[in-house]
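Trainee: A single structure is presented below for examination.
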Amino acid sequence: MDVIIDIVLDAVIDSVKILPFLYLTYLAMEYLEHRTAEFTENVVQKTEHFGPLLGGVIGIFPQCGFSAAASNLYAGRVITLGTLIAIYLSTSDEMIPLLISEHFPVGTMVKILALKAVIGIIAGFIIDFAVHAYHKARGKRAEDPVRINELCEKEHCHCDDEEDATLKGMAKSAFVHTLHIFLFVLVLTLLLSIIITLIGEDHLSMLLKTNPVVSHILAGLIGLIPNCAPSVIITTLYLDQMITLGTMMSGLLVGAGIGLMVLFRVNPEKKVNFNVAILLFLIGTLSGLLIDVLGITL
């Protein structure tokens with residue numbers, strides 16, 4: 001019974017943590033939709049080339065909510081695919097608090113964050129360049145136009161109604177969006193926590209201590225779990241010197257907190273969502289493997 005209570009409490013706490021980020025993101029998107037849709041689209045089109053740089057830098061700060069906010073922004077096509085991937089790769093999640101609690105050297109911690117950010121920024125720029133080149137070769141625009149209204153329709157918040165163009169109406173619509181995502185995240189977090197508890201962290205640890213290539217793949221798969229627990233497990237194994245720096249990076253680069261969970265909830269293009277997850281996994285695990293092959297140490 002105590003275990004169940006702990007699981008429920010942890011799930012509720014993890015879900016509550018993202019509420020401010022979600023609400024502020026949706027409130028901003030409501031404002032963009034009602035007040036500055038055309039202007040915002042023009043600005044995004046002109047500044048999108050700097051998206052991966054900004055996303056990679058902002059993503060290193062220790063919080064789960066930013067990856068969730070990025071998923072919503074991408075679903076509304078406010079940011080590019082490259083920016084989304086840059087944010088996912090650089091997101092720190094629970095790594096920093098755990099390293100600080102273990103009195104980990106600040107200099108080394110900064111290097112790890114910088115490495116994650118650099119990988120995210122480079123990957124983001126390459127992806128945006130590839131997408132742009134692909135569509136240009138076929139005479140299409142590189143990115144879809146801003147489509148926040150489609151996200152509103154999916155969430156059934158009625159934010160396109162005339163009466164909802166007021167600040168009060170926008171706040172209400174943003175609350176509806178936030179409530180939907182909060183409940184979705186809470187339920188899935190509960191299920192994932194139960195599954196991780198049943199499997200056992202010791203078993204996950206043993207899986208990561210197999211041969212090097214397999215350990216990177218397993219770390220990446222664990223990182224895909226949309227929960228804070230994977231980053232805690234992987235970072236702890238690294239602190240205990242049970243896995244290499246590259247293996248830890250594979251798991252932490254792939255780990256985007258609840259970002260993917262939110263993406264699958266708000267973005268209607270399921271094929272695109274799966275492609276994002278696969279792309280994130282490949283970049284993260286290959287980067288981690290390359291770190292070990294090159295013998296990079298921090």
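All residue names refer to the structure tokens as shown: chains lettered A, B, ... in order, residues numbered from 1 in each chain, ligands numbered from 1 in order.
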Quick one: which stretch 57-116 of chain A residues come within 9 Å of stretch 127-134 of chain A, and what is the nearest atom pair for each with the distance in Å to one decimal, counting only C-alpha atoms, rows ordered by chain and ascending number, as a Markdown table?

Mentor:
| residue | atom | partner | partner_atom | distance |
| --- | --- | --- | --- | --- |
| A:Thr80 | CA | A:Asp128 | CA | 7.1 |
| A:Leu81 | CA | A:Asp128 | CA | 6.7 |
| A:Gly82 | CA | A:Asp128 | CA | 4.9 |
| A:Thr83 | CA | A:Asp128 | CA | 7.9 |
| A:Ile85 | CA | A:Ile127 | CA | 8.4 |

Trainee: Go ahead and dump the residues you just picked, N, CA, C and O atoms, as a short mmCIF file (atom, residue, chain, number, x, y, z; two decimals), in the first residue's frame.

Mentor:
data_model
loop_
_atom_site.label_atom_id
_atom_site.label_comp_id
_atom_site.auth_asym_id
_atom_site.auth_seq_id
_atom_site.Cartn_x
_atom_site.Cartn_y
_atom_site.Cartn_z
N THR A 80 10.45 25.20 -35.57
CA THR A 80 10.78 24.22 -36.60
C THR A 80 11.09 22.86 -35.98
O THR A 80 11.29 22.73 -34.76
N LEU A 81 11.20 21.85 -36.84
CA LEU A 81 11.56 20.51 -36.39
C LEU A 81 12.96 20.52 -35.79
O LEU A 81 13.21 19.87 -34.76
N GLY A 82 13.88 21.24 -36.42
CA GLY A 82 15.24 21.31 -35.91
C GLY A 82 15.30 21.92 -34.52
O GLY A 82 16.06 21.47 -33.65
N THR A 83 14.50 22.94 -34.28
CA THR A 83 14.45 23.58 -32.97
C THR A 83 13.89 22.62 -31.94
O THR A 83 14.39 22.54 -30.81
N ILE A 85 14.02 19.29 -31.98
CA ILE A 85 15.02 18.27 -31.70
C ILE A 85 16.15 18.83 -30.85
O ILE A 85 16.66 18.16 -29.94
#

Trainee: Could you please determine the separation between atom CA of A:Lys270 and atom CA of A:Leu190 in Å, to one decimal place?

Mentor: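 Value for the atom CA of A:Lys270-atom CA of A:Leu190 distance: 22.9 Å.
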
Trainee: Residues within 6 Å of stretch 10-17 of chain A, please, as a list in words. Count only C-alpha atoms; anything in the same chain fewer than 2 positions from it doesn't count.

Mentor: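 Result of the neighbour search: Ile7, Val8, Leu19, Leu186, Thr189 and Leu190 of chain A.
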
Trainee: Quick one: residues within 9 Å of A:Ser250, only C-alpha atoms counted, chain neighbours fewer than 5 positions away excluded, as JSON, numbers by chain?

Mentor: {"A": [216, 217, 218, 219, 220, 223, 245, 255, 281, 283, 284, 285, 286, 287, 288, 289]}

Trainee: Take the residues just selected and output them with N, CA and C atoms as a PDB file, in the first residue's frame.

Mentor:
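The new file result.pdb reads:
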ATOM      1  N   HIS A 216      24.405   1.144 -25.176  1.00  0.00           N
ATOM      2  CA  HIS A 216      23.981   2.422 -25.749  1.00  0.00           C
ATOM      3  C   HIS A 216      22.539   2.339 -26.258  1.00  0.00           C
ATOM      4  N   ILE A 217      22.222   1.236 -26.903  1.00  0.00           N
ATOM      5  CA  ILE A 217      20.866   1.052 -27.418  1.00  0.00           C
ATOM      6  C   ILE A 217      19.861   0.987 -26.272  1.00  0.00           C
ATOM      7  N   LEU A 218      20.209   0.236 -25.235  1.00  0.00           N
ATOM      8  CA  LEU A 218      19.317   0.119 -24.084  1.00  0.00           C
ATOM      9  C   LEU A 218      19.161   1.457 -23.361  1.00  0.00           C
ATOM     10  N   ALA A 219      20.273   2.185 -23.241  1.00  0.00           N
ATOM     11  CA  ALA A 219      20.203   3.492 -22.589  1.00  0.00           C
ATOM     12  C   ALA A 219      19.287   4.428 -23.376  1.00  0.00           C
ATOM     13  N   GLY A 220      19.375   4.361 -24.716  1.00  0.00           N
ATOM     14  CA  GLY A 220      18.516   5.180 -25.557  1.00  0.00           C
ATOM     15  C   GLY A 220      17.057   4.795 -25.421  1.00  0.00           C
ATOM     16  N   GLY A 223      15.831   6.032 -22.220  1.00  0.00           N
ATOM     17  CA  GLY A 223      15.671   7.479 -22.326  1.00  0.00           C
ATOM     18  C   GLY A 223      14.376   7.877 -23.003  1.00  0.00           C
ATOM     19  N   LEU A 245      30.695   7.433 -19.884  1.00  0.00           N
ATOM     20  CA  LEU A 245      30.162   8.763 -20.179  1.00  0.00           C
ATOM     21  C   LEU A 245      29.279   8.713 -21.427  1.00  0.00           C
ATOM     22  N   GLY A 255      16.546  11.175 -23.740  1.00  0.00           N
ATOM     23  CA  GLY A 255      15.527  11.517 -22.751  1.00  0.00           C
ATOM     24  C   GLY A 255      15.063  12.956 -22.861  1.00  0.00           C
ATOM     25  N   PHE A 281      16.125   9.209 -31.102  1.00  0.00           N
ATOM     26  CA  PHE A 281      16.828   8.003 -30.640  1.00  0.00           C
ATOM     27  C   PHE A 281      18.130   7.793 -31.398  1.00  0.00           C
ATOM     28  N   ILE A 283      19.984  10.006 -33.151  1.00  0.00           N
ATOM     29  CA  ILE A 283      20.973  11.055 -32.880  1.00  0.00           C
ATOM     30  C   ILE A 283      21.587  10.862 -31.495  1.00  0.00           C
ATOM     31  N   GLY A 284      20.737  10.580 -30.504  1.00  0.00           N
ATOM     32  CA  GLY A 284      21.219  10.426 -29.136  1.00  0.00           C
ATOM     33  C   GLY A 284      22.160   9.251 -28.966  1.00  0.00           C
ATOM     34  N   THR A 285      21.759   8.073 -29.447  1.00  0.00           N
ATOM     35  CA  THR A 285      22.579   6.877 -29.258  1.00  0.00           C
ATOM     36  C   THR A 285      23.858   6.921 -30.092  1.00  0.00           C
ATOM     37  N   LEU A 286      23.781   7.420 -31.313  1.00  0.00           N
ATOM     38  CA  LEU A 286      24.983   7.518 -32.145  1.00  0.00           C
ATOM     39  C   LEU A 286      25.966   8.535 -31.568  1.00  0.00           C
ATOM     40  N   SER A 287      25.451   9.626 -31.018  1.00  0.00           N
ATOM     41  CA  SER A 287      26.320  10.621 -30.393  1.00  0.00           C
ATOM     42  C   SER A 287      27.014  10.037 -29.170  1.00  0.00           C
ATOM     43  N   GLY A 288      26.250   9.304 -28.357  1.00  0.00           N
ATOM     44  CA  GLY A 288      26.836   8.670 -27.175  1.00  0.00           C
ATOM     45  C   GLY A 288      27.888   7.641 -27.545  1.00  0.00           C
ATOM     46  N   LEU A 289      27.603   6.841 -28.560  1.00  0.00           N
ATOM     47  CA  LEU A 289      28.554   5.831 -29.022  1.00  0.00           C
ATOM     48  C   LEU A 289      29.825   6.483 -29.556  1.00  0.00           C
TER      49      LEU A 289
END

Trainee: What separation in Å, quoted to one decimal, exists between atom CA of A:Pro268 and atom CA of A:Leu54?

Mentor: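 Taking atom CA of A:Pro268 as the start and atom CA of A:Leu54 as the end point, the length is 25.7 Å.
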
Trainee: Looking at A:Val276, A:Ala117, A:Ser92, A:Thr108, which one is nearest to A:Pro230, with distances taken over only C-alpha atoms?

Mentor: A:Ser92

Trainee: Atom CA of A:Asn275 and atom CA of A:Leu89 are how many Å apart?

Mentor: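 Distance reported for this atom pair: 14.9 Å.
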
Trainee: I'd like to know which of A:Gly59, A:Gly246, A:Gly139, A:Pro212 is closest to A:Ala86, using only C-alpha atoms.

Mentor: A:Gly59

Trainee: For A:Val266, which of A:Tyr74, A:Phe50, A:Phe104, A:Phe66 is the closest residue, counting only C-alpha atoms?

Mentor: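 The closest residue to A:Val266 is A:Tyr74.
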
Trainee: Looking at A:His103, A:His180, A:Arg138, A:Lys111, which one is nearest to A:Tyr23, with distances taken over only C-alpha atoms?

Mentor: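 Of all the options, A:His180 lies closest to A:Tyr23.
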
Trainee: Looking at A:Gly120, A:Gly200, A:Gly76, A:Gly55, which one is nearest to A:Glu269, with distances taken over only C-alpha atoms?

Mentor: A:Gly76
